[in-house]
Amino acid sequence: MNAPRLHILLRLVLVCGLTAAGFRIGQQVVRAQELSPPEAMSPEAAIDVQLRINRTTLLEGKSDKDRIDVATLLLLNDKPAAREIVLDVLRRTDTPQARAAVCEALNLARVKQTPLQQPEDFIKPLIAILTSVDDSLLAKPAAEATLMFGYSQVQPDLEKAVTDPALSVNVRMNIIYALRRHPDTQAVAKLVSLVESPELPIAEAAQNALAAVGIAVSPDPAARRQMLAELTQRGAGVFLRNRLAHQENRVRELETDLAAWQKRFLTALTGQYDSVADENARSVFLTQQLTSPESIVRSWALDKLQELRKGTGKLKLSELEPTLLNLIPDQSRQVRLRTARLLALMGELNVAKPLLAQLKVEPDEQVRREILVALREACYVGSLAATGRKVPDEVRKETLEWAVAFLRGTDAEKVRIGAEVIGKLLEQDGFKPEDVERYLKSLSDRYSQVNGGTEPAVRAYLLNAMAGLCVQRSTCREQAIKSYNGLFEQALADKVEVVRQSAVHGLVNIDKHGALRKLRETMTSDSSPTIRQELIDLAGEVGGAQDLDWLAEKLGVPGDEGQRSWQATVKIFQRLDVAILAGWAAKVESLGAAGKIAVEQRIAYCKLLEQRAQSENRTDLLKGAQTSLAKLYLDGNNLKLASESLRTLLVLATTEDERQWAQGQLLGVYLGLADVEQARELVYKCLQEKNLDLEKGFLVKTIDEHLNSPATADPNAVIAALRQIKPPMRDAQAVRAWEALLSRWSEAFAKAKKGEESYRVN
């Protein structure tokens with residue numbers, strides 16, 4: 001299980017390393033040629049120069065990676081001179097780093113299964129290292145390199161050396177490591193025999209080596225012999241399968257242990273981070289963690305920075321920029337991925353060039369996508385006037401070329417990213433008209449390839465990008481409208497919802513009024529609730545009286561659609577002539593009676609009509625609005641607001657019937673509010689104006705109903721307030737009639753109270 005993964009990893013390392021090494025060595029060859037005499041150099045001489053440069057790099061290179069890369073190139077070179085350089089370095093005792101690099105190159109070739117010419121030539125130099133070097137940093141790669149050969153090819157030398165008392169204990173322990181690494185029963189047999197060594201370090205090293213490959217060693221010699229016999233009897237195939245199974249189990253155990261320890265460490269680190277209250281201090285702490293040698297810590301710090309950025313945005317970008325620049329080409333895939341995602345949120349940083357450079361060499365597909373997204377933001381934000389700088393045109397253009405390459409791929413996610421990059425960067429100025437036209441055409445051409453196919457998401461992505469280029473801020477808006485208007489109209493008939501949605505966005509971006517005229521003819525009942533709601537919102541934004549009827553049909557629809565329809569209706573009402581607005585009064589009332597709009601919505605309409613009537617001095621419309629408001633407030637038992645409307649109606653009343661209705665309703669409101677003072681004043685005014693029928697008038701009826709109502713808390717308070725009125729009438733008969741009313745009310749209240757007290761006693 002683990003071996004194939006390691007094999008693939010090493011292949012990638014080898015390929016990438018060879019590419020980089022070839023580039024560096026090519027540069028060195030060019031420099032050497034520049035320094036050489038001007039005479040033409042023969043091919044053989046050029047090869048000699050290159051080999052000398054390779055040898056020098058192998059012996060004197062500044063980094064292990066450079067030395068391994070050059071050693072690999074020399075191993076793959078079929079020239080005898082190249083091979084001799086490798087063997088010579090392997091034999092030398094004064095260049096341990098170069099020898100280790102050759103061993104590592106041999107191991108890479110072994111894992112990659114690269115055929116080498118006369119590989120047996122390497123046996124003696126490798127054995128020489130194992131039998132003479134104490135340093136495990138060199139001995140272990142040499143031991144691994146011996147796995148190129150069958151155990152029988154190295155068995156005599158290894159088994160002789162491991163028991164040679166003239167060799168140091170450290171050397172023999174390195175040889176034990178080599179024996180452990182060889183998957184052969186003979187190597188196991190030799191290790192078992194070493195368990196009986198009189199030298200305790202050797203015996204313990206052999207026992208540990210056996211345990212590492214899953215073989216438990218009994219202290220009983222007879223049992224050990226029996227175990228070896230059974231091992232030999234089962235055969236090499238069973239032995240290898242068991243050994244592989246043990247190694248895979250051990251790898252899983254180690255991975256589990258590693259994950260557990262990493263989790264504990266990150267939990268402790270998170271606790272330390274959470275204990276820091278100040279956000280500036282948190283930012284400093286995270287910046288320090290970004291330089292950790294452990295990739296998992298760098299990844300953790302990047303995640304926390306992303307949380308900070310999304311949460312408050314309070315990050316010291318100037319301090320972060322140098323650190324994040326170093327993480328763009330980080331060796332860890334996870335770190336590169338998280339760095340790109342974080343930089344996508346930080347378009348203010350000047351990272352366009354480094355991102356583009358990494359994009360060119362990035363081997364991982366997902367990381368490459370995230371880098372292009374971050375590059376999009378860096379180019380877009382970095383070219384805004386507010387940033388005070390401008391991303392070079394060549395960087396933006398090269399980014400667009402990458403976007404076109406993504407656009408042409410078959411992966412839907414890559415197409416989406418490519419389309420978004422083109423859509424966003426073309427909004428800005430700075431491109432030649434012919435280049436703009438080419439990029440615009442790349443979107444429409446790609447759409448033509450998938451139109452009507454089985455890739456609805458891709459169609460939607462492309463239409464969204466095209467729609468974005470038709471917005472007002474787009475510098476290529478006119479070109480985009482000319483190219484895409486027809487595509488949007490065609491896509492309205494698409495069977496896929498998200499495609500129709502994207503087409504609607506495009507038409508709205510081109511012309512809101514024109515889009516509304518077109519869409520309300522066919523799409524007010526579209527199967528997509530999103531499209532219906534967008535059309536409703538559009539009507540609220542730019543619609544007119546012609547949109548009220550179809551919006552009214554949606555009022556009362558459960559959920560968000562009905563509410564949005566009412567909100568759009570109100571916005572249209574606000575733009576209409578007051579006469580047209582008033583003409584909807586009966587319709588609004590019928591909608592309310594049918595339960596399609598709530599009382600609050602009817603009140604909102606009446607208040608809007610009231611405001612418009614007041615502003616335009618339309619007394620007739622104001623009277624109608626206040627009458628409707630008063631009735632709605634009374635129905636809702638909102639007596640305070642009802643009193644305000646009724647007082648306004650008293651002022652606006654032009655007929656006796658209007659005045660009496662308002663007075664009667666207002667008196668009932670005052671009594672309902674237990675505001676006996678206001679009630680008394682109103683009754684007094686009516687008596688003064690002779691507007692009180694003392695036999696069967698509306699005010700008398702209102703008072704009767706109130707006193708006889710079970711909800712009346714204190715009828716006596718009402719009667720007491722009425723008794724305080726000094727009749728303003730000069731007619732003695734009218735005065736006697738008023739006093740008779742007071743007596744009747746008092747007697748009725750006394751009887752009611754007496755009956756109540758009698759009930760309590762019984």
# chains A, B, ... in the order shown; residues from 1 in each chain; ligands from 1
>>> residues_around(residues="Leu359 in chain A", least_positions_apart="3", cutoff="8 Å", atoms="only C-alpha atoms", output="ChimeraX atom specification")
/A:355-356,362,368,371-372
>>> write_last_selection(atoms="C-alpha atoms", output="compact mmCIF listing (two decimals), in the first residue's frame")
# COMPACT_ATOMS: atom_id res chain seq x y z
CA LEU A 355 1.87 33.91 -8.08
CA LEU A 356 2.31 33.86 -11.83
CA GLU A 362 2.97 24.22 -10.00
CA ARG A 368 -2.95 25.57 -9.68
CA ILE A 371 -3.31 30.16 -7.52
CA LEU A 372 -5.18 31.42 -10.58
>>> residues_around(residues="Ala340 in chain A", least_positions_apart="6", cutoff="8 Å", atoms="only C-alpha atoms", output="ChimeraX atom specification")
/A:328,367,370-371,373-374
>>> select_by_dssp(residues="range 234-473 of chain A", states="helix (DSSP H, G or I)", output="NGL selection string")
:A and (234-274 or 279-289 or 295-311 or 317-327 or 333-344 or 352-361 or 365-382 or 385-387 or 393-407 or 412-425 or 433-450 or 456-468)
>>> residues_around(residues="Phe285 in chain A", least_positions_apart="4", cutoff="8 Å", atoms="only C-alpha atoms", output="number ranges by chain")
A: 273, 281, 289
>>> write_last_selection(atoms="N, CA and C atoms", output="PDB file, in the first residue's frame")
ATOM      1  N   TYR A 273      -3.087  30.417  21.170  1.00  0.00           N
ATOM      2  CA  TYR A 273      -3.573  31.487  20.288  1.00  0.00           C
ATOM      3  C   TYR A 273      -4.848  32.126  20.839  1.00  0.00           C
ATOM      4  N   ALA A 281      -1.784  41.410  18.327  1.00  0.00           N
ATOM      5  CA  ALA A 281      -0.867  40.419  18.902  1.00  0.00           C
ATOM      6  C   ALA A 281      -1.108  39.047  18.280  1.00  0.00           C
ATOM      7  N   GLN A 289       4.385  31.799  13.415  1.00  0.00           N
ATOM      8  CA  GLN A 289       4.146  30.380  13.122  1.00  0.00           C
ATOM      9  C   GLN A 289       4.290  30.068  11.635  1.00  0.00           C
TER      10      GLN A 289
END
>>> atom_distance(atom1="CA of Thr475 in chain A", atom2="CA of Asp429 in chain A")
5.8 Å
>>> atom_distance(atom1="CA of Gly452 in chain A", atom2="CA of Glu534 in chain A")
24.3 Å
>>> residues_around(residues="Lys79 in chain A", least_positions_apart="5", cutoff="12 Å", atoms="only C-alpha atoms", output="ChimeraX atom specification")
/A:44,47-48,50-51,73-74,84-86,116-117
>>> closest_residue(among="A:Ser63, A:Thr654, A:Gln113, A:Ser197", to="Leu147 in chain A", atoms="only C-alpha atoms")
A:Gln113
>>> closest_residue(among="A:Pro141, A:Gly514, A:Pro354, A:Pro322", to="Ala178 in chain A", atoms="only C-alpha atoms")
A:Pro141
>>> atom_distance(atom1="CA of Gly468 in chain A", atom2="CA of Leu349 in chain A")
24.4 Å
>>> residues_around(residues="Phe698 in chain A", least_positions_apart="4", cutoff="12 Å", atoms="only C-alpha atoms", output="list in words")
Asp657, Arg659, Gln660, Trp661, Ala662, Gln663, Gly664, Gln665, Leu666, Leu667, Gly668, Val683, Cys686, Asn691, Leu692, Asp693, Leu694, Thr702, Ile703, Asp704 and Glu705 of chain A
>>> write_last_selection(atoms="C-alpha atoms", output="tab-separated table (two decimals), in the first residue's frame")
chain	number	residue	atom	x	y	z
A	657	ASP	CA	-73.21	62.62	8.22
A	659	ARG	CA	-69.09	64.68	11.05
A	660	GLN	CA	-71.51	62.62	13.13
A	661	TRP	CA	-69.88	59.33	12.10
A	662	ALA	CA	-66.45	60.63	13.07
A	663	GLN	CA	-67.72	62.00	16.39
A	664	GLY	CA	-69.49	58.77	17.28
A	665	GLN	CA	-66.46	56.64	16.47
A	666	LEU	CA	-64.15	59.03	18.30
A	667	LEU	CA	-66.32	59.00	21.44
A	668	GLY	CA	-66.26	55.20	21.39
A	683	VAL	CA	-69.87	65.40	24.49
A	686	CYS	CA	-71.69	68.24	20.67
A	691	ASN	CA	-75.24	68.06	17.54
A	692	LEU	CA	-76.56	65.64	20.12
A	693	ASP	CA	-79.89	63.89	19.66
A	694	LEU	CA	-80.95	63.20	23.24
A	702	THR	CA	-72.36	54.98	21.85
A	703	ILE	CA	-72.52	55.82	25.57
A	704	ASP	CA	-75.27	53.22	26.14
A	705	GLU	CA	-73.24	50.53	24.45
>>> residues_around(residues="Gln428 in chain A", least_positions_apart="6", cutoff="9 Å", atoms="only C-alpha atoms", output="list in words")
Tyr380, Ser383, Leu384, Arg473, Ser474, Thr475 and Cys476 of chain A
>>> residues_around(residues="range 735-750 of chain A", least_positions_apart="3", cutoff="8 Å", atoms="only C-alpha atoms", output="ChimeraX atom specification")
/A:694,704,707,715-716,719,722-723,727,729-732,753-754
>>> write_last_selection(atoms="N, CA and C atoms", output="mmCIF file, in the first residue's frame")
data_model
loop_
_atom_site.group_PDB
_atom_site.id
_atom_site.type_symbol
_atom_site.label_atom_id
_atom_site.label_comp_id
_atom_site.auth_asym_id
_atom_site.auth_seq_id
_atom_site.Cartn_x
_atom_site.Cartn_y
_atom_site.Cartn_z
ATOM 1 N N LEU A 694 -80.826 63.767 21.899
ATOM 2 C CA LEU A 694 -80.946 63.198 23.245
ATOM 3 C C LEU A 694 -81.931 62.046 23.323
ATOM 4 N N ASP A 704 -74.494 54.371 25.662
ATOM 5 C CA ASP A 704 -75.269 53.216 26.140
ATOM 6 C C ASP A 704 -74.494 51.918 25.943
ATOM 7 N N LEU A 707 -71.583 51.695 28.455
ATOM 8 C CA LEU A 707 -71.956 51.424 29.854
ATOM 9 C C LEU A 707 -72.476 50.006 30.043
ATOM 10 N N PRO A 715 -68.007 51.986 34.996
ATOM 11 C CA PRO A 715 -69.046 52.851 34.411
ATOM 12 C C PRO A 715 -69.280 54.115 35.236
ATOM 13 N N ASN A 716 -69.105 54.002 36.554
ATOM 14 C CA ASN A 716 -69.358 55.144 37.429
ATOM 15 C C ASN A 716 -68.453 56.321 37.085
ATOM 16 N N ILE A 719 -69.983 58.115 34.131
ATOM 17 C CA ILE A 719 -71.166 58.888 34.527
ATOM 18 C C ILE A 719 -70.752 60.119 35.326
ATOM 19 N N LEU A 722 -69.593 62.721 32.960
ATOM 20 C CA LEU A 722 -70.712 63.328 32.231
ATOM 21 C C LEU A 722 -71.501 64.294 33.115
ATOM 22 N N ARG A 723 -71.603 63.983 34.414
ATOM 23 C CA ARG A 723 -72.342 64.853 35.334
ATOM 24 C C ARG A 723 -71.632 66.195 35.537
ATOM 25 N N PRO A 727 -74.718 71.871 31.071
ATOM 26 C CA PRO A 727 -75.376 71.952 29.757
ATOM 27 C C PRO A 727 -75.323 73.368 29.194
ATOM 28 N N MET A 729 -76.953 74.363 26.692
ATOM 29 C CA MET A 729 -78.179 74.669 25.956
ATOM 30 C C MET A 729 -79.012 75.680 26.747
ATOM 31 N N ARG A 730 -79.666 76.598 26.038
ATOM 32 C CA ARG A 730 -80.555 77.563 26.671
ATOM 33 C C ARG A 730 -81.983 77.046 26.732
ATOM 34 N N ASP A 731 -82.244 76.034 25.955
ATOM 35 C CA ASP A 731 -83.588 75.443 25.907
ATOM 36 C C ASP A 731 -83.776 74.599 27.158
ATOM 37 N N ALA A 732 -84.748 74.972 27.995
ATOM 38 C CA ALA A 732 -84.991 74.259 29.249
ATOM 39 C C ALA A 732 -85.379 72.813 28.997
ATOM 40 N N LYS A 753 -75.017 47.467 39.642
ATOM 41 C CA LYS A 753 -74.086 47.269 40.746
ATOM 42 C C LYS A 753 -74.751 46.546 41.897
ATOM 43 N N LYS A 754 -76.051 46.901 42.161
ATOM 44 C CA LYS A 754 -76.781 46.244 43.233
ATOM 45 C C LYS A 754 -76.928 44.757 42.946
#
>>> closest_residue(among="A:Gln626, A:Thr57, A:Thr232, A:Gln472", to="Ser643 in chain A", atoms="only C-alpha atoms")
A:Gln626
>>> closest_residue(among="A:Val188, A:Leu200, A:Leu462, A:Ala259", to="Ala229 in chain A", atoms="only C-alpha atoms")
A:Val188
